[in-house]
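Written below as structure tokens is the structure these notes are about.
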Amino acid sequence: MAQRAVWLISHEPGTPLCGTVRFSRRYPTVEKRAKVFNGASYVPIPEDDPFLKALLFELRLLDDDKDFMESRDSCSCINKTSIYGLPGGGGELWPVVAFQKNDMIYACVPLVEQTLSPRPPLISISGISQGFELLFGIQDFLYSGQKNDTELNTKLSQLPDLLLQACPFGTLLDANLQNSLDSINFISVQKHPQKQPAWKAGTYKGKPQVSISITEKVKSMQYDKQDVADTWQVDGAVTCKCDLEGIMPNVTISLSLPTNGSPLQDILVHPCVTSLDSAILTSSSIDAVDDSAFSGPYKFPFTPPLESFNLCYYTSQVPVPPILGFYQVKEEEVQLKITVNLKLHESVKNNFEFCEAHIPFYNRGPVTHVEYKVSFGQLEVFREKSLLIWIIGQKFPKSMEISLAGTVTFGAKSHKKQPFDQICIGGTAYLKLRFKILDYTLTGCYADQHSVQVFASGKPKISTNRKLISSDYYIWNSKAPAPVTYGSLLL
């Protein structure tokens with residue numbers, strides 16, 4: 001259980017490399033062990049610049065990386081584990097643990113104590129879970145109480161000394177880097193007579209606080225056709241961060257719904273949850289929703305880990321999508337006539353952090369001329385990218401309906417790279433909605449601060465927030481064929 005190398009990379013779109021390595025650490029002793037264990041399948045750790053470029057390419061974070069790559073983007077390569085393989089050193093560097101948070105990419109390469117050909121199952125590589133724990137610990141240290149770039153830079157400068165204490169020779173001893181900082185500053189550490197559990201690497205010392213965040217993502221595929229049903233889906237996640245003193249503090253969080261809220265289903269919980277009502281476990285999206293469906297409150301008693309974690313995931317069968325629309329495209333020689341109509345459902349909070357519609361045009365030349373009329377918002381034209389962005393803003397008008405009509409003229413295809421898509425051929429085209437609504441969930445789900453129970457020393461500060469985000473929200477041209485999805489909810 002050791003790490004060969006660790007990186008912190010800031011994602012910086014628009015710069016030549018699209019990112020900067022803010023911190024890196026290699027462990028030569030672990031690298032020697034990797035050579036022995038991996039044998040002929042051993043691939044050395046690359047230098048920072050090649051690693052940066054390979055990782056950003058794999059994560060699709062390079063500015064000019066818009067083309068489809070079979071080896072990375074095909075359906076057989078869907079990544080659900082945050083584990084990647086990167087080319088380099090005459091082979092493929094694997095496994096690379098990497099994820100992005102707050103414009104920072106956290107990455108490490110765990111030691112695999114066996115040959116890499118064929119690849120061993122992920123569950124057999126103990127260094128992967130340790131790598132995640134280390135990266136989450138670094139993330140919590142960097143952004144806990146961090147208010148500006150100066151504080152972030154200060155904490156980054158402290159990492160070399162902290163990792164000497166927390167992760168000597170690549171082996172994680174304590175994921176709570178604040179403990180290591182306290183040790184370096186000669187702050188006495190309280191000795192607890194209670195036995196420390198093996199899964200908890202350290203303890204928290206400081207002001208007690210509990211943070212609860214509910215994030216719902218809504219997907220939709222809308223066609224405006226009688227023979228094809230629209231589909232939509234809501235996925236939710238509850239993220240918690242519990243800074244509580246003591247070895248085994250206990251917390252109970254209750255999720256509630258309003259009277260007209262949509263019941264939560266397919267609930268998956270974190271292993272730290274100690275017990276659950278059977279009605280929570282048996283609520284499934286396969287079953288039809290009726291008045292007898294369990295609608296909460298959903299209580300989750302647990303003993304929290306030190307790092308931020310996802311308390312639970314859920315789905316819900318909401319009755320309608322938040323925004324309904326239709327999109328029509330009619331082709332006339334080198335011109336396209338487009339018509340868009342969007343309607344915000346009356347039950348949805350009309351207060352967006354942002355709301356915009358992206359209208360791409362694939363497999364054509366650059367946009368040379370646009371004539372349009374919008375009833376609300378403004379239209380931005382990106383000619384070389386063959387893209388229109390309709391910026392709707394933070395509110396829909398009182399009518400809750402807006403429209404866009406226009407004519408787009410294209411030039412001849414050039415040798416320069418033009419947007420290409422294997423699906424959007426001929427009249428097949430889509431509009432993609434992007435929006436975020438703060439202090440709102442489509443299901444109505446919320447965490448009541450007063451219902452949070454904490455069994456630990458001190459009275460904690462409890463903060464909650466929730467938001468709704470669009471995810472893969474497509475409206476297809478109703479005048480042409482379109483890819484069809486099937487869901488449990490149909491309009």
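Residue numbers start at 1 in each chain; chains themselves are named A, B, ... in the order of the structure tokens; ligands are numbered from 1 in the order shown.
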
Show which residues sit within 8 Å of range 7-16 of chain A, as JSON, numbers by chain. Count only C-alpha atoms, and ignore same-chain residues fewer than 6 positions away.
{"A": [22, 23, 24, 25, 52, 61, 62, 63, 103, 104, 105, 106, 107, 108]}

Distance query Lys241 in chain A at most 7 Å, only C-alpha atoms, self and fewer than 3 positions along chain excluded, as a list in words:
Val210, Ser211, Ile212, Glu307, Ser308 and Phe309 of chain A

Just list as a PyMOL selection string whatever in range 179-385 of chain A DSSP marks as helix (DSSP H, G or I).
chain A and resi 179-184+278-282

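The nearest approach to Phe354 in chain A among the residues A:Phe302, A:Tyr27, A:Phe435, A:Phe396, with only C-alpha atoms taken into account, belongs to A:Phe435.
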
Nearest to Thr443 in chain A by atom-to-atom distance, counting only C-alpha atoms, from A:Asn351, A:Gln226, A:Thr315, A:Ser278:
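Answer, going by the shortest atom-to-atom distance: A:Thr315.
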
Could you list, as a PyMOL selection string, every residue within 10 Å of Thr259 in chain A, counting only C-alpha atoms and ignoring same-chain residues fewer than 2 positions away?
chain A and resi 256-257+261-262+295+444

Do a neighbour search on range 163-179 of chain A at 10 Å with only C-alpha atoms, toss out local chain neighbours closer than 6 positions, and write the hits as a count of residues only.
42

Please provide the set of residues having any atom within 10 Å of Tyr223 in chain A, restricted to only C-alpha atoms, with same-chain residues fewer than 5 positions apart removed, written as a list in words.
Val228, Ala229, Asp230, Thr231, Gly325, Phe326, Tyr327, Gln328, Tyr430, Tyr474, Ile475, Trp476, Asn477, Ser478, Lys479, Ala480, Pro481, Ala482, Pro483 and Val484 of chain A

Those same residues, written as a PDB file, in the first residue's frame with N, CA and C atoms?
ATOM      1  N   VAL A 228     -42.406   9.461 -30.765  1.00  0.00           N
ATOM      2  CA  VAL A 228     -41.245   9.283 -29.884  1.00  0.00           C
ATOM      3  C   VAL A 228     -41.498  10.038 -28.588  1.00  0.00           C
ATOM      4  N   ALA A 229     -41.409   9.338 -27.474  1.00  0.00           N
ATOM      5  CA  ALA A 229     -41.699   9.957 -26.176  1.00  0.00           C
ATOM      6  C   ALA A 229     -40.471  10.673 -25.626  1.00  0.00           C
ATOM      7  N   ASP A 230     -40.704  11.837 -25.038  1.00  0.00           N
ATOM      8  CA  ASP A 230     -39.628  12.549 -24.348  1.00  0.00           C
ATOM      9  C   ASP A 230     -39.273  11.788 -23.067  1.00  0.00           C
ATOM     10  N   THR A 231     -38.036  11.886 -22.660  1.00  0.00           N
ATOM     11  CA  THR A 231     -37.594  11.233 -21.421  1.00  0.00           C
ATOM     12  C   THR A 231     -36.836  12.226 -20.565  1.00  0.00           C
ATOM     13  N   GLY A 325     -39.281  22.256 -24.455  1.00  0.00           N
ATOM     14  CA  GLY A 325     -38.954  23.038 -25.637  1.00  0.00           C
ATOM     15  C   GLY A 325     -39.104  22.262 -26.918  1.00  0.00           C
ATOM     16  N   PHE A 326     -39.065  22.997 -28.026  1.00  0.00           N
ATOM     17  CA  PHE A 326     -38.953  22.339 -29.322  1.00  0.00           C
ATOM     18  C   PHE A 326     -37.937  23.098 -30.161  1.00  0.00           C
ATOM     19  N   TYR A 327     -37.336  22.366 -31.094  1.00  0.00           N
ATOM     20  CA  TYR A 327     -36.266  22.893 -31.938  1.00  0.00           C
ATOM     21  C   TYR A 327     -36.514  22.381 -33.343  1.00  0.00           C
ATOM     22  N   GLN A 328     -36.616  23.298 -34.290  1.00  0.00           N
ATOM     23  CA  GLN A 328     -36.868  22.910 -35.681  1.00  0.00           C
ATOM     24  C   GLN A 328     -35.807  23.526 -36.584  1.00  0.00           C
ATOM     25  N   TYR A 430     -29.201  19.150 -32.596  1.00  0.00           N
ATOM     26  CA  TYR A 430     -29.743  19.313 -31.254  1.00  0.00           C
ATOM     27  C   TYR A 430     -29.412  20.686 -30.685  1.00  0.00           C
ATOM     28  N   TYR A 474     -30.903  17.691 -23.729  1.00  0.00           N
ATOM     29  CA  TYR A 474     -30.933  17.880 -25.177  1.00  0.00           C
ATOM     30  C   TYR A 474     -32.357  18.064 -25.689  1.00  0.00           C
ATOM     31  N   ILE A 475     -32.494  18.961 -26.656  1.00  0.00           N
ATOM     32  CA  ILE A 475     -33.740  19.112 -27.409  1.00  0.00           C
ATOM     33  C   ILE A 475     -33.381  18.911 -28.884  1.00  0.00           C
ATOM     34  N   TRP A 476     -33.951  17.890 -29.502  1.00  0.00           N
ATOM     35  CA  TRP A 476     -33.563  17.491 -30.860  1.00  0.00           C
ATOM     36  C   TRP A 476     -34.459  18.130 -31.914  1.00  0.00           C
ATOM     37  N   ASN A 477     -33.887  18.309 -33.091  1.00  0.00           N
ATOM     38  CA  ASN A 477     -34.631  18.827 -34.236  1.00  0.00           C
ATOM     39  C   ASN A 477     -35.806  17.892 -34.530  1.00  0.00           C
ATOM     40  N   SER A 478     -37.005  18.428 -34.420  1.00  0.00           N
ATOM     41  CA  SER A 478     -38.203  17.592 -34.604  1.00  0.00           C
ATOM     42  C   SER A 478     -38.474  17.267 -36.066  1.00  0.00           C
ATOM     43  N   LYS A 479     -37.731  17.880 -36.992  1.00  0.00           N
ATOM     44  CA  LYS A 479     -37.955  17.654 -38.420  1.00  0.00           C
ATOM     45  C   LYS A 479     -36.993  16.632 -39.021  1.00  0.00           C
ATOM     46  N   ALA A 480     -36.259  15.924 -38.173  1.00  0.00           N
ATOM     47  CA  ALA A 480     -35.274  14.956 -38.680  1.00  0.00           C
ATOM     48  C   ALA A 480     -35.143  13.808 -37.684  1.00  0.00           C
ATOM     49  N   PRO A 481     -34.535  12.690 -38.105  1.00  0.00           N
ATOM     50  CA  PRO A 481     -34.324  11.575 -37.178  1.00  0.00           C
ATOM     51  C   PRO A 481     -33.405  12.003 -36.027  1.00  0.00           C
ATOM     52  N   ALA A 482     -33.540  11.307 -34.903  1.00  0.00           N
ATOM     53  CA  ALA A 482     -32.716  11.618 -33.729  1.00  0.00           C
ATOM     54  C   ALA A 482     -32.521  10.337 -32.928  1.00  0.00           C
ATOM     55  N   PRO A 483     -31.428  10.224 -32.201  1.00  0.00           N
ATOM     56  CA  PRO A 483     -31.214   9.041 -31.353  1.00  0.00           C
ATOM     57  C   PRO A 483     -32.259   8.987 -30.252  1.00  0.00           C
ATOM     58  N   VAL A 484     -32.795   7.810 -30.000  1.00  0.00           N
ATOM     59  CA  VAL A 484     -33.900   7.660 -29.064  1.00  0.00           C
ATOM     60  C   VAL A 484     -33.400   6.992 -27.794  1.00  0.00           C
TER      61      VAL A 484
END

In Å, with one decimal, what is the gap from CA of Ala412 in chain A to CA of Leu336 in chain A?
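Going from CA of Ala412 in chain A over to CA of Leu336 in chain A, I get 14.2 Å.
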
Neighbour list for Thr303 in chain A as an mmCIF file with N, CA, C and O atoms, in the first residue's frame, cut-off 8 Å, only C-alpha atoms, skip fewer than 2 positions in-chain:
data_model
loop_
_atom_site.group_PDB
_atom_site.id
_atom_site.type_symbol
_atom_site.label_atom_id
_atom_site.label_comp_id
_atom_site.auth_asym_id
_atom_site.auth_seq_id
_atom_site.Cartn_x
_atom_site.Cartn_y
_atom_site.Cartn_z
ATOM 1 N N MET A 248 -15.006 8.608 17.634
ATOM 2 C CA MET A 248 -16.197 8.033 16.991
ATOM 3 C C MET A 248 -17.434 8.899 17.232
ATOM 4 O O MET A 248 -18.372 8.495 17.917
ATOM 5 N N PRO A 249 -17.470 10.125 16.700
ATOM 6 C CA PRO A 249 -18.694 10.932 16.828
ATOM 7 C C PRO A 249 -19.821 10.315 16.012
ATOM 8 O O PRO A 249 -19.575 9.673 14.988
ATOM 9 N N ASN A 250 -21.039 10.518 16.455
ATOM 10 C CA ASN A 250 -22.212 9.999 15.745
ATOM 11 C C ASN A 250 -23.083 11.147 15.270
ATOM 12 O O ASN A 250 -23.303 12.126 15.991
ATOM 13 N N VAL A 251 -23.581 11.023 14.049
ATOM 14 C CA VAL A 251 -24.397 12.070 13.433
ATOM 15 C C VAL A 251 -25.625 11.416 12.793
ATOM 16 O O VAL A 251 -25.526 10.308 12.245
ATOM 17 N N CYS A 272 -20.390 4.122 5.905
ATOM 18 C CA CYS A 272 -20.365 4.593 7.293
ATOM 19 C C CYS A 272 -21.763 4.689 7.902
ATOM 20 O O CYS A 272 -21.899 4.876 9.120
ATOM 21 N N VAL A 273 -22.832 4.576 7.080
ATOM 22 C CA VAL A 273 -24.205 4.604 7.600
ATOM 23 C C VAL A 273 -24.445 3.336 8.411
ATOM 24 O O VAL A 273 -24.203 2.221 7.935
ATOM 25 N N THR A 274 -24.926 3.491 9.653
ATOM 26 C CA THR A 274 -25.014 2.351 10.578
ATOM 27 C C THR A 274 -26.332 1.600 10.495
ATOM 28 O O THR A 274 -26.387 0.403 10.798
ATOM 29 N N PRO A 301 -28.311 7.655 10.089
ATOM 30 C CA PRO A 301 -27.351 7.726 11.198
ATOM 31 C C PRO A 301 -25.990 7.185 10.741
ATOM 32 O O PRO A 301 -25.916 6.166 10.049
ATOM 33 N N PRO A 305 -16.394 9.778 8.334
ATOM 34 C CA PRO A 305 -14.938 9.794 8.126
ATOM 35 C C PRO A 305 -14.429 11.226 8.203
ATOM 36 O O PRO A 305 -15.210 12.184 8.299
#

With 10 Å as the cut-off and only C-alpha atoms counted, what is the closest atom pair between each nearby residue of range 428-489 of chain A and range 388-392 of chain A? Distances in Å to one decimal, ordered by chain and number, as a tab-separated table.
residue	atom	partner	partner_atom	distance
A:Leu431	CA	A:Ile389	CA	9.6
A:Lys432	CA	A:Ile389	CA	9.6
A:Leu433	CA	A:Trp390	CA	9.4
A:Arg434	CA	A:Ile391	CA	9.8
A:Phe435	CA	A:Ile392	CA	9.5

Strand (DSSP E) positions in range 20-234 of chain A, given as a VMD selection string
chain A and resid 20 to 26 83 to 88 91 to 101 104 to 110 209 to 222 231 to 234

Residues just named, written with C-alpha atoms as a compact mmCIF listing (two decimals), in the first residue's frame:
# COMPACT_ATOMS: atom_id res chain seq x y z
CA THR A 20 0.12 23.97 -14.54
CA VAL A 21 1.67 21.42 -12.21
CA ARG A 22 1.39 23.18 -8.83
CA PHE A 23 2.94 20.33 -6.85
CA SER A 24 4.49 16.93 -7.54
CA ARG A 25 6.24 14.33 -5.39
CA ARG A 26 7.94 11.12 -6.48
CA ILE A 83 -8.87 5.27 -12.81
CA TYR A 84 -7.04 5.96 -16.08
CA GLY A 85 -4.25 4.64 -18.26
CA LEU A 86 -1.87 7.18 -19.80
CA PRO A 87 0.58 6.59 -22.67
CA GLY A 88 4.23 7.16 -21.86
CA GLY A 91 3.85 1.68 -22.67
CA GLU A 92 0.77 2.62 -20.70
CA LEU A 93 1.06 4.07 -17.20
CA TRP A 94 -1.69 2.38 -15.16
CA PRO A 95 -3.42 2.77 -12.75
CA VAL A 96 -3.56 6.59 -12.53
CA VAL A 97 -6.04 7.85 -9.93
CA ALA A 98 -7.30 11.30 -10.96
CA PHE A 99 -10.27 13.58 -10.35
CA GLN A 100 -11.05 17.30 -10.70
CA LYS A 101 -12.41 19.57 -7.98
CA MET A 104 -7.67 21.59 -9.36
CA ILE A 105 -6.84 18.10 -10.62
CA TYR A 106 -5.64 15.63 -8.01
CA ALA A 107 -3.66 12.62 -9.29
CA CYS A 108 -1.46 9.83 -8.02
CA VAL A 109 -0.06 6.49 -9.21
CA PRO A 110 -0.49 3.64 -6.69
CA GLN A 209 -19.01 22.06 12.06
CA VAL A 210 -21.19 19.96 9.77
CA SER A 211 -21.76 20.85 6.11
CA ILE A 212 -24.49 19.21 4.01
CA SER A 213 -24.84 19.77 0.27
CA ILE A 214 -27.62 18.34 -1.92
CA THR A 215 -26.94 18.34 -5.66
CA GLU A 216 -29.53 17.18 -8.20
CA LYS A 217 -28.74 16.70 -11.87
CA VAL A 218 -31.52 16.55 -14.43
CA LYS A 219 -31.11 14.89 -17.83
CA SER A 220 -33.58 15.13 -20.66
CA MET A 221 -34.07 14.07 -24.27
CA GLN A 222 -36.92 15.95 -25.96
CA THR A 231 -37.59 11.23 -21.42
CA TRP A 232 -36.03 12.80 -18.36
CA GLN A 233 -34.29 11.66 -15.22
CA VAL A 234 -33.19 13.17 -11.90

I'd like the neighbourhood of Gly296 in chain A as number ranges by chain, where a residue qualifies if any of its atoms comes within 9 Å (using only C-alpha atoms), though same-chain residues fewer than 6 positions away should be ignored.
A: 254-257, 263-264, 280

Computed interatomic separation between CA of Tyr440 in chain A and CA of Val318 in chain A (Å):
14.1 Å
